[in-house]
Every structure is written in structure tokens, then in C-alpha cells.
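Have a look at structure-v4.cif below; it lists mmCIF, C-alpha atoms; chains and numbers go by the auth columns.
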data_structure
#
loop_
_atom_site.group_PDB
_atom_site.id
_atom_site.type_symbol
_atom_site.label_atom_id
_atom_site.label_comp_id
_atom_site.label_asym_id
_atom_site.label_seq_id
_atom_site.Cartn_x
_atom_site.Cartn_y
_atom_site.Cartn_z
_atom_site.B_iso_or_equiv
_atom_site.auth_seq_id
_atom_site.auth_asym_id
ATOM 1 C CA MET A 1 -10.348 -38.179 22.868 0.00 1 A
ATOM 2 C CA THR A 2 -9.492 -39.619 19.481 0.00 2 A
ATOM 3 C CA LYS A 3 -6.084 -39.195 17.897 0.00 3 A
ATOM 4 C CA SER A 4 -7.701 -36.997 15.258 0.00 4 A
ATOM 5 C CA MET A 5 -9.023 -34.618 17.913 0.00 5 A
ATOM 6 C CA GLY A 6 -5.520 -34.242 19.376 0.00 6 A
ATOM 7 C CA VAL A 7 -4.173 -33.390 15.929 0.00 7 A
ATOM 8 C CA GLY A 8 -7.068 -30.977 15.501 0.00 8 A
ATOM 9 C CA ARG A 9 -6.171 -29.151 18.701 0.00 9 A
ATOM 10 C CA VAL A 10 -2.586 -28.723 17.529 0.00 10 A
ATOM 11 C CA LEU A 11 -3.852 -27.493 14.154 0.00 11 A
ATOM 12 C CA VAL A 12 -6.183 -24.989 15.803 0.00 12 A
ATOM 13 C CA ALA A 13 -3.360 -23.822 18.083 0.00 13 A
ATOM 14 C CA VAL A 14 -1.046 -23.221 15.116 0.00 14 A
ATOM 15 C CA TYR A 15 -3.804 -21.346 13.302 0.00 15 A
ATOM 16 C CA GLY A 16 -4.350 -19.297 16.460 0.00 16 A
ATOM 17 C CA VAL A 17 -0.681 -18.337 16.600 0.00 17 A
ATOM 18 C CA PHE A 18 -0.809 -17.318 12.951 0.00 18 A
ATOM 19 C CA ALA A 19 -4.014 -15.356 13.545 0.00 19 A
ATOM 20 C CA LEU A 20 -2.339 -13.401 16.333 0.00 20 A
ATOM 21 C CA SER A 21 0.986 -12.865 14.584 0.00 21 A
ATOM 22 C CA ALA A 22 -0.524 -11.944 11.210 0.00 22 A
ATOM 23 C CA SER A 23 -3.008 -9.583 12.896 0.00 23 A
ATOM 24 C CA ALA A 24 -0.285 -7.839 14.879 0.00 24 A
ATOM 25 C CA ARG A 25 1.968 -7.578 11.853 0.00 25 A
ATOM 26 C CA ALA A 26 -0.771 -6.309 9.558 0.00 26 A
ATOM 27 C CA GLY A 27 -2.066 -3.861 12.153 0.00 27 A
ATOM 28 C CA TYR A 28 1.359 -2.345 12.669 0.00 28 A
ATOM 29 C CA GLN A 29 2.062 -2.192 8.944 0.00 29 A
ATOM 30 C CA LEU A 30 -1.284 -0.633 8.080 0.00 30 A
ATOM 31 C CA ILE A 31 -0.986 2.006 10.789 0.00 31 A
ATOM 32 C CA ARG A 32 2.715 2.865 10.556 0.00 32 A
ATOM 33 C CA GLU A 33 3.959 1.866 7.109 0.00 33 A
ATOM 34 C CA PHE A 34 0.981 1.634 4.752 0.00 34 A
ATOM 35 C CA ASP A 35 2.426 4.083 2.226 0.00 35 A
ATOM 36 C CA GLN A 36 5.563 1.947 1.801 0.00 36 A
ATOM 37 C CA ALA A 37 3.846 -1.180 0.454 0.00 37 A
ATOM 38 C CA PRO A 38 0.031 -0.980 0.439 0.00 38 A
ATOM 39 C CA VAL A 39 -0.518 -4.161 -1.588 0.00 39 A
ATOM 40 C CA ALA A 40 1.670 -6.303 0.655 0.00 40 A
ATOM 41 C CA TYR A 41 0.204 -4.878 3.836 0.00 41 A
ATOM 42 C CA LEU A 42 -3.392 -5.269 2.689 0.00 42 A
ATOM 43 C CA LEU A 43 -2.611 -8.875 1.746 0.00 43 A
ATOM 44 C CA SER A 44 -1.195 -9.426 5.230 0.00 44 A
ATOM 45 C CA ALA A 45 -4.462 -8.070 6.654 0.00 45 A
ATOM 46 C CA VAL A 46 -6.460 -10.443 4.437 0.00 46 A
ATOM 47 C CA ALA A 47 -4.274 -13.327 5.638 0.00 47 A
ATOM 48 C CA ALA A 48 -4.921 -12.298 9.247 0.00 48 A
ATOM 49 C CA VAL A 49 -8.692 -12.355 8.723 0.00 49 A
ATOM 50 C CA VAL A 50 -8.469 -15.746 7.022 0.00 50 A
ATOM 51 C CA TYR A 51 -6.406 -17.143 9.913 0.00 51 A
ATOM 52 C CA ILE A 52 -8.917 -15.808 12.456 0.00 52 A
ATOM 53 C CA VAL A 53 -11.876 -17.343 10.598 0.00 53 A
ATOM 54 C CA ALA A 54 -10.012 -20.624 10.131 0.00 54 A
ATOM 55 C CA THR A 55 -9.055 -20.776 13.814 0.00 55 A
ATOM 56 C CA PHE A 56 -12.614 -20.378 15.055 0.00 56 A
ATOM 57 C CA SER A 57 -14.235 -22.582 12.427 0.00 57 A
ATOM 58 C CA LEU A 58 -11.662 -25.382 12.765 0.00 58 A
ATOM 59 C CA ALA A 59 -12.184 -25.352 16.532 0.00 59 A
ATOM 60 C CA GLN A 60 -15.782 -26.475 15.941 0.00 60 A
ATOM 61 C CA PRO A 61 -15.719 -28.491 12.709 0.00 61 A
ATOM 62 C CA ALA A 62 -19.038 -30.206 13.345 0.00 62 A
ATOM 63 C CA LYS A 63 -20.765 -26.834 13.496 0.00 63 A
ATOM 64 C CA TYR A 64 -18.689 -24.746 11.069 0.00 64 A
ATOM 65 C CA ARG A 65 -17.259 -27.276 8.606 0.00 65 A
ATOM 66 C CA ALA A 66 -18.401 -25.363 5.514 0.00 66 A
ATOM 67 C CA LEU A 67 -16.855 -22.132 6.794 0.00 67 A
ATOM 68 C CA ALA A 68 -13.639 -23.949 7.723 0.00 68 A
ATOM 69 C CA LEU A 69 -13.429 -25.452 4.238 0.00 69 A
ATOM 70 C CA LEU A 70 -13.992 -22.052 2.660 0.00 70 A
ATOM 71 C CA ALA A 71 -11.350 -20.370 4.829 0.00 71 A
ATOM 72 C CA VAL A 72 -8.723 -23.073 4.355 0.00 72 A
ATOM 73 C CA ARG A 73 -9.318 -23.317 0.598 0.00 73 A
ATOM 74 C CA PHE A 74 -9.142 -19.533 0.283 0.00 74 A
ATOM 75 C CA GLU A 75 -5.923 -19.578 2.285 0.00 75 A
ATOM 76 C CA LEU A 76 -4.349 -22.219 0.032 0.00 76 A
ATOM 77 C CA ALA A 77 -5.353 -20.299 -3.103 0.00 77 A
ATOM 78 C CA GLY A 78 -4.034 -17.074 -1.577 0.00 78 A
ATOM 79 C CA VAL A 79 -0.681 -18.583 -0.651 0.00 79 A
ATOM 80 C CA ILE A 80 -0.255 -20.041 -4.138 0.00 80 A
ATOM 81 C CA ILE A 81 -1.372 -16.914 -6.016 0.00 81 A
ATOM 82 C CA VAL A 82 0.518 -14.440 -3.834 0.00 82 A
ATOM 83 C CA GLY A 83 3.522 -16.763 -3.742 0.00 83 A
ATOM 84 C CA LEU A 84 3.677 -16.928 -7.534 0.00 84 A
ATOM 85 C CA LEU A 85 3.071 -13.212 -8.002 0.00 85 A
ATOM 86 C CA SER A 86 5.689 -12.283 -5.416 0.00 86 A
ATOM 87 C CA ILE A 87 8.265 -14.312 -7.339 0.00 87 A
ATOM 88 C CA LEU A 88 7.184 -13.375 -10.862 0.00 88 A
ATOM 89 C CA LEU A 89 6.309 -9.707 -10.171 0.00 89 A
ATOM 90 C CA PRO A 90 8.174 -8.694 -6.996 0.00 90 A
ATOM 91 C CA GLU A 91 7.825 -4.994 -7.835 0.00 91 A
ATOM 92 C CA LEU A 92 4.090 -5.366 -7.212 0.00 92 A
ATOM 93 C CA PHE A 93 4.625 -5.859 -3.491 0.00 93 A
ATOM 94 C CA GLY A 94 7.399 -3.574 -2.265 0.00 94 A
ATOM 95 C CA HIS A 95 7.710 -5.545 0.971 0.00 95 A
ATOM 96 C CA PRO A 96 6.876 -9.161 1.786 0.00 96 A
ATOM 97 C CA SER A 97 3.461 -10.196 3.027 0.00 97 A
ATOM 98 C CA VAL A 98 2.625 -13.261 5.098 0.00 98 A
ATOM 99 C CA TRP A 99 2.046 -15.274 1.922 0.00 99 A
ATOM 100 C CA SER A 100 4.938 -13.870 -0.162 0.00 100 A
ATOM 101 C CA GLY A 101 7.288 -16.491 -1.530 0.00 101 A
ATOM 102 C CA PHE A 102 4.785 -19.151 -0.439 0.00 102 A
ATOM 103 C CA GLY A 103 5.319 -18.135 3.189 0.00 103 A
ATOM 104 C CA VAL A 104 9.116 -18.254 3.116 0.00 104 A
ATOM 105 C CA GLY A 105 9.306 -15.691 5.941 0.00 105 A
ATOM 106 C CA TYR A 106 7.355 -18.103 8.136 0.00 106 A
ATOM 107 C CA GLY A 107 9.237 -21.276 7.210 0.00 107 A
ATOM 108 C CA PHE A 108 6.698 -22.195 4.502 0.00 108 A
ATOM 109 C CA ILE A 109 4.140 -22.977 7.205 0.00 109 A
ATOM 110 C CA PRO A 110 1.532 -20.847 5.380 0.00 110 A
ATOM 111 C CA LEU A 111 1.850 -23.225 2.418 0.00 111 A
ATOM 112 C CA VAL A 112 1.697 -26.431 4.463 0.00 112 A
ATOM 113 C CA LEU A 113 -0.958 -25.348 6.978 0.00 113 A
ATOM 114 C CA PRO A 114 -3.969 -25.247 4.629 0.00 114 A
ATOM 115 C CA VAL A 115 -3.024 -28.629 3.164 0.00 115 A
ATOM 116 C CA LEU A 116 -2.969 -30.094 6.678 0.00 116 A
ATOM 117 C CA GLY A 117 -6.239 -28.324 7.431 0.00 117 A
ATOM 118 C CA LEU A 118 -7.932 -29.841 4.399 0.00 118 A
ATOM 119 C CA ILE A 119 -6.644 -33.320 5.250 0.00 119 A
ATOM 120 C CA TRP A 120 -7.854 -32.972 8.830 0.00 120 A
ATOM 121 C CA LEU A 121 -11.292 -31.739 7.745 0.00 121 A
ATOM 122 C CA ARG A 122 -11.590 -34.647 5.343 0.00 122 A
ATOM 123 C CA ARG A 123 -10.759 -37.109 8.122 0.00 123 A
ATOM 124 C CA GLN A 124 -13.243 -35.424 10.449 0.00 124 A
ATOM 125 C CA ASN A 125 -15.920 -35.780 7.815 0.00 125 A
ATOM 126 C CA ALA A 126 -15.089 -39.462 7.315 0.00 126 A
ATOM 127 C CA GLU A 127 -15.186 -40.108 11.086 0.00 127 A
ATOM 128 C CA ALA A 128 -18.581 -38.405 11.346 0.00 128 A
ATOM 129 C CA LYS A 129 -20.128 -40.788 8.828 0.00 129 A
#

Could you render the structure from this file as C-alpha cells?
Amino acid sequence: MTKSMGVGRVLVAVYGVFALSASARAGYQLIREFDQAPVAYLLSAVAAVVYIVATFSLAQPAKYRALALLAVRFELAGVIIVGLLSILLPELFGHPSVWSGFGVGYGFIPLVLPVLGLIWLRRQNAEAK
């Protein structure tokens, strides 16, 4: 196993944890508290779907590289856009979402994770050539 593959497994594991936690959080919020902050809770559900897609596609980069790139790029854009909007227009959200404040509620991991994912995918592509 190459060093890059070991890093990839850790990356996939972290994405898997985020997929589970974001899915559980979004599911609870959508079922029990949707009327309190629909925008924030729908964004959390979108984040959960993105984390699920990223987890599965990053686990098999040779087969699903294009999908992994799409998911990770979408995630990075989402974290930046939602992060900015949650700071500039906090009244829009009501409650925080996974990506609010650039992922402050999750130790900024949602901001760092897609950057690491893109770097890892780039290295995988270089190693494949």
C-alpha cells in the first residue's frame, strides 16, 4: 500500500463520519424542527448528501474520480457560500447548518476537508499517469 492510499483511507473515513453525522443531524432537524429554520436544515441535508457521495466516490477514485471531483468541489463552494451568507446575513438561517460559519460548529473541518480531498485526488491522478 502506498502512503497516498493510507491517507486516502483516512480521508474516506473522515468523510464517512461526516456523512453519518450530517445525515443524522439533518434527518432529526427535518423531522422534528423543520419549521424553526427550514433553510439551515435543508442545507444540512444537502451537506449530508454531498458527504455520502464524496465518501463512496473517494473510496474508489479510479472508478469514480469525476464524481468525487464534482462532490468535493460542490462541497467547497457550499462551505464558502453558506459560510459567507451565514456571517453576512445570519437572519437567513435561523439556526446553524453544517456549513454555517465555514463549519465552525465542526471545528472548521468542513472547510479543510474538501481542500484535502482535492489535493488527494490530484495526487491520485498524478500517480495513475

Next on the checklist: For the PyMOL selection byres ((chain A and resi 11) around 9), applied here, can you spell out every residue it catches as a VMD selection string?
Outcome noted: chain A and resid 6 to 10 12 to 16 55 58 to 59 113 116 to 117 120

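Near range 67-83 of chain A, within a cut-off of 9 Å and counting only C-alpha atoms, sit the residues Leu43, Ala47, Val50, Tyr51, Val53, Ala54, Thr55, Phe56, Ser57, Leu58, Gln60, Pro61, Ser97, Val98, Trp99, Ser100, Gly101, Phe102, Gly103, Val104, Pro110, Leu111, Val112, Leu113, Pro114, Val115, Gly117, Leu118 and Leu121 of chain A, with same-chain residues fewer than 6 positions away left out.
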
So that I have them on file, write out the residues from the current selection with C-alpha atoms, as a PDB file, keeping the file's coordinate frame.
ATOM      1  CA  LEU A  43      -2.611  -8.875   1.746  1.00  0.00           C
ATOM      2  CA  ALA A  47      -4.274 -13.327   5.638  1.00  0.00           C
ATOM      3  CA  VAL A  50      -8.469 -15.746   7.022  1.00  0.00           C
ATOM      4  CA  TYR A  51      -6.406 -17.143   9.913  1.00  0.00           C
ATOM      5  CA  VAL A  53     -11.876 -17.343  10.598  1.00  0.00           C
ATOM      6  CA  ALA A  54     -10.012 -20.624  10.131  1.00  0.00           C
ATOM      7  CA  THR A  55      -9.055 -20.776  13.814  1.00  0.00           C
ATOM      8  CA  PHE A  56     -12.614 -20.378  15.055  1.00  0.00           C
ATOM      9  CA  SER A  57     -14.235 -22.582  12.427  1.00  0.00           C
ATOM     10  CA  LEU A  58     -11.662 -25.382  12.765  1.00  0.00           C
ATOM     11  CA  GLN A  60     -15.782 -26.475  15.941  1.00  0.00           C
ATOM     12  CA  PRO A  61     -15.719 -28.491  12.709  1.00  0.00           C
ATOM     13  CA  SER A  97       3.461 -10.196   3.027  1.00  0.00           C
ATOM     14  CA  VAL A  98       2.625 -13.261   5.098  1.00  0.00           C
ATOM     15  CA  TRP A  99       2.046 -15.274   1.922  1.00  0.00           C
ATOM     16  CA  SER A 100       4.938 -13.870  -0.162  1.00  0.00           C
ATOM     17  CA  GLY A 101       7.288 -16.491  -1.530  1.00  0.00           C
ATOM     18  CA  PHE A 102       4.785 -19.151  -0.439  1.00  0.00           C
ATOM     19  CA  GLY A 103       5.319 -18.135   3.189  1.00  0.00           C
ATOM     20  CA  VAL A 104       9.116 -18.254   3.116  1.00  0.00           C
ATOM     21  CA  PRO A 110       1.532 -20.847   5.380  1.00  0.00           C
ATOM     22  CA  LEU A 111       1.850 -23.225   2.418  1.00  0.00           C
ATOM     23  CA  VAL A 112       1.697 -26.431   4.463  1.00  0.00           C
ATOM     24  CA  LEU A 113      -0.958 -25.348   6.978  1.00  0.00           C
ATOM     25  CA  PRO A 114      -3.969 -25.247   4.629  1.00  0.00           C
ATOM     26  CA  VAL A 115      -3.024 -28.629   3.164  1.00  0.00           C
ATOM     27  CA  GLY A 117      -6.239 -28.324   7.431  1.00  0.00           C
ATOM     28  CA  LEU A 118      -7.932 -29.841   4.399  1.00  0.00           C
ATOM     29  CA  LEU A 121     -11.292 -31.739   7.745  1.00  0.00           C
TER      30      LEU A 121
END

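The shortest atom-to-atom distance to Pro90 in chain A, with all atoms listed in the file taken into account, belongs to A:Ala37 out of A:Leu42, A:Ala37, A:Ile109, A:Val49.
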
Distance cut-off 7 Å, centre (8.0, 0.2, 0.8) in file coordinates, counting only C-alpha atoms: which residues qualify? Return them as a PDB file with C-alpha atoms, keeping the file's coordinate frame.
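Output below, filename part_39.pdb:
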ATOM      1  CA  ASP A  35       2.426   4.083   2.226  1.00  0.00           C
ATOM      2  CA  GLN A  36       5.563   1.947   1.801  1.00  0.00           C
ATOM      3  CA  ALA A  37       3.846  -1.180   0.454  1.00  0.00           C
ATOM      4  CA  GLY A  94       7.399  -3.574  -2.265  1.00  0.00           C
ATOM      5  CA  HIS A  95       7.710  -5.545   0.971  1.00  0.00           C
TER       6      HIS A  95
END

Checklist entry - Separation of CA of Val46 in chain A and CA of Arg122 in chain A, in Å? => result 24.8 Å

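One finds CA of Val39 in chain A at 9.5 Å from CA of Pro96 in chain A.
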